[in-house]
Amino acid sequence: RLTNELVDRAESEMVTTIDDNHNDYLGSRWLVVGLSLGSISLALVLGYAIALSISDPLKRIDAQMELVAAGDFSGHVAISNRDELGALALNVNRTNGELGRMYRELEAASRHKSEFLANMSHELRTPLNAVIGFSEVLAEHMFGELNEKQDEYVRDILTSGQHLLALINDILDLSK
C-alpha cells in the first residue's frame, strides 16, 4: 500500500512536471515568436530610417547637380549630416560656387572678346581698306603717271595691304 501511494505520488508529480514543462515550452515558444517579430519590426524600422538618412541627402545632391548641369549655379544643398554625405554636400556647394564664379568670368571674357573683335574688325579693316584703295588708285595711274620706282613701291604697298587684310580676316574669323 505504501508502495502504491509512493508510485501514485510519483506519477502525480511526474504528470504535474510534464504539464509544467509543456506549459513552459509553449510560453517559451510564444516568447521566441514575439521577440522574433519584435526584432524583425525593429530591423525594418531602423533599416527604413538608415535608408532614408542616406537616400534623402543623395536625392537633394542629385537635384542640385541637375540644376548645375542646366546652368543654374544659384542653389545650395542643405544637409546637416556630419558624415561622408555632409562632406559631399559641402564639396558640391563649394564646387557649385566656384563653377558659378567661373561661368560669370567666362561670360565676361566672351563679351570682351566679342567687343574686341568688333572693334578690331572696324579699327583694322577701315584704315587698311583705305590704304589698299589709295594704292589701287595710284597703281591704275588715275592721278597721273608714276616713275618705275614709285610704281614698284605702290604695287608692293597694294600687295602687302591685301596680304595683311587676308591675315586679319583669317585671325578674326578664327577668333570667332
# chains A, B, ... in the order shown; residues from 1 in each chain; ligands from 1

$ residues_around --residues "A:His163" --least-positions-apart "6" --cutoff "12 Å" --atoms "only C-alpha atoms" --output "ChimeraX atom specification"
/A:128-129,132,156-157,169-170

$ residues_around --residues "A:Asn93" --least-positions-apart "5" --cutoff "10 Å" --atoms "only C-alpha atoms" --output "list of chain:residue names"
A:Ile61, A:Gln64, A:Met65, A:Phe73, A:Ser74, A:Gly75, A:His76, A:Val77, A:Ala78, A:Ala87, A:Leu88, A:Glu98, A:Leu99

$ closest_residue --among "A:Arg82, A:Lys176, A:Arg155, A:Arg125" --to "A:Arg111" --atoms "only C-alpha atoms"
A:Lys176

$ decode --residues "stretch 137-171 of chain A" --atoms "N, CA, C and O atoms" --output "compact mmCIF listing (two decimals), in the first residue's frame"
# COMPACT_ATOMS: atom_id res chain seq x y z
N VAL A 137 44.30 103.10 -106.66
CA VAL A 137 44.13 104.31 -107.48
C VAL A 137 45.47 104.73 -108.05
O VAL A 137 45.59 105.07 -109.25
N LEU A 138 46.50 104.70 -107.22
CA LEU A 138 47.83 105.09 -107.70
C LEU A 138 48.37 104.08 -108.71
O LEU A 138 49.00 104.46 -109.71
N ALA A 139 48.12 102.77 -108.47
CA ALA A 139 48.63 101.74 -109.38
C ALA A 139 47.94 101.81 -110.73
O ALA A 139 48.54 101.46 -111.75
N GLU A 140 46.69 102.29 -110.77
CA GLU A 140 45.98 102.40 -112.03
C GLU A 140 46.26 103.74 -112.72
O GLU A 140 45.65 104.05 -113.74
N HIS A 141 47.12 104.55 -112.14
CA HIS A 141 47.57 105.84 -112.71
C HIS A 141 46.41 106.79 -112.93
O HIS A 141 46.37 107.51 -113.93
N MET A 142 45.46 106.84 -112.01
CA MET A 142 44.32 107.73 -112.15
C MET A 142 44.71 109.18 -111.92
O MET A 142 44.01 110.08 -112.39
N PHE A 143 45.77 109.42 -111.18
CA PHE A 143 46.20 110.80 -110.91
C PHE A 143 47.51 111.13 -111.61
O PHE A 143 48.25 111.98 -111.17
N GLY A 144 47.76 110.41 -112.64
CA GLY A 144 48.96 110.70 -113.39
C GLY A 144 49.93 109.54 -113.36
O GLY A 144 49.76 108.56 -112.65
N GLU A 145 50.94 109.71 -114.18
CA GLU A 145 51.95 108.66 -114.33
C GLU A 145 52.92 108.68 -113.17
O GLU A 145 53.17 109.72 -112.55
N LEU A 146 53.44 107.48 -112.84
CA LEU A 146 54.45 107.31 -111.80
C LEU A 146 55.72 106.81 -112.45
O LEU A 146 55.68 106.13 -113.48
N ASN A 147 56.84 107.15 -111.84
CA ASN A 147 58.07 106.59 -112.39
C ASN A 147 58.16 105.11 -111.99
O ASN A 147 57.36 104.62 -111.20
N GLU A 148 59.14 104.44 -112.51
CA GLU A 148 59.25 102.99 -112.32
C GLU A 148 59.40 102.61 -110.84
O GLU A 148 58.79 101.66 -110.35
N LYS A 149 60.19 103.33 -110.09
CA LYS A 149 60.41 103.06 -108.67
C LYS A 149 59.11 103.30 -107.87
O LYS A 149 58.76 102.49 -107.02
N GLN A 150 58.40 104.40 -108.18
CA GLN A 150 57.14 104.69 -107.49
C GLN A 150 56.10 103.62 -107.80
O GLN A 150 55.36 103.17 -106.91
N ASP A 151 56.05 103.18 -109.05
CA ASP A 151 55.11 102.14 -109.45
C ASP A 151 55.41 100.83 -108.72
O ASP A 151 54.49 100.15 -108.24
N GLU A 152 56.69 100.51 -108.57
CA GLU A 152 57.09 99.30 -107.84
C GLU A 152 56.67 99.39 -106.37
O GLU A 152 56.12 98.45 -105.80
N TYR A 153 56.89 100.54 -105.76
CA TYR A 153 56.52 100.74 -104.35
C TYR A 153 55.00 100.69 -104.16
O TYR A 153 54.51 100.11 -103.20
N VAL A 154 54.25 101.29 -105.09
CA VAL A 154 52.79 101.26 -105.00
C VAL A 154 52.29 99.82 -105.10
O VAL A 154 51.40 99.41 -104.36
N ARG A 155 52.86 99.05 -106.04
CA ARG A 155 52.46 97.64 -106.17
C ARG A 155 52.83 96.86 -104.89
O ARG A 155 52.05 96.01 -104.44
N ASP A 156 53.98 97.12 -104.28
CA ASP A 156 54.37 96.47 -103.01
C ASP A 156 53.40 96.84 -101.89
O ASP A 156 53.00 95.98 -101.10
N ILE A 157 53.00 98.13 -101.84
CA ILE A 157 52.04 98.57 -100.83
C ILE A 157 50.72 97.85 -101.04
O ILE A 157 50.10 97.35 -100.09
N LEU A 158 50.24 97.78 -102.28
CA LEU A 158 48.98 97.12 -102.59
C LEU A 158 49.03 95.63 -102.24
O LEU A 158 48.14 95.11 -101.57
N THR A 159 50.08 94.94 -102.65
CA THR A 159 50.23 93.50 -102.36
C THR A 159 50.32 93.25 -100.85
O THR A 159 49.66 92.36 -100.31
N SER A 160 51.14 94.05 -100.18
CA SER A 160 51.29 93.88 -98.73
C SER A 160 49.98 94.19 -98.00
O SER A 160 49.61 93.50 -97.05
N GLY A 161 49.26 95.22 -98.45
CA GLY A 161 47.98 95.57 -97.84
C GLY A 161 46.96 94.45 -98.01
O GLY A 161 46.23 94.11 -97.07
N GLN A 162 46.90 93.89 -99.21
CA GLN A 162 45.96 92.80 -99.46
C GLN A 162 46.34 91.55 -98.63
O GLN A 162 45.47 90.87 -98.08
N HIS A 163 47.64 91.29 -98.53
CA HIS A 163 48.10 90.16 -97.72
C HIS A 163 47.76 90.38 -96.24
O HIS A 163 47.26 89.47 -95.56
N LEU A 164 48.01 91.60 -95.76
CA LEU A 164 47.70 91.92 -94.37
C LEU A 164 46.19 91.84 -94.11
O LEU A 164 45.77 91.33 -93.07
N LEU A 165 45.37 92.30 -95.05
CA LEU A 165 43.92 92.21 -94.90
C LEU A 165 43.47 90.75 -94.84
O LEU A 165 42.61 90.39 -94.03
N ALA A 166 44.07 89.90 -95.67
CA ALA A 166 43.73 88.47 -95.65
C ALA A 166 44.11 87.85 -94.30
O ALA A 166 43.35 87.06 -93.72
N LEU A 167 45.29 88.23 -93.77
CA LEU A 167 45.71 87.72 -92.45
C LEU A 167 44.76 88.19 -91.35
O LEU A 167 44.36 87.41 -90.47
N ILE A 168 44.38 89.45 -91.38
CA ILE A 168 43.47 89.99 -90.36
C ILE A 168 42.12 89.29 -90.44
O ILE A 168 41.54 88.91 -89.42
N ASN A 169 41.62 89.10 -91.68
CA ASN A 169 40.34 88.39 -91.84
C ASN A 169 40.43 86.96 -91.30
O ASN A 169 39.50 86.48 -90.63
N ASP A 170 41.54 86.29 -91.59
CA ASP A 170 41.71 84.92 -91.09
C ASP A 170 41.76 84.89 -89.56
O ASP A 170 41.15 84.04 -88.92
N ILE A 171 42.49 85.82 -88.96
CA ILE A 171 42.60 85.87 -87.49
C ILE A 171 41.23 86.17 -86.87
O ILE A 171 40.81 85.53 -85.90
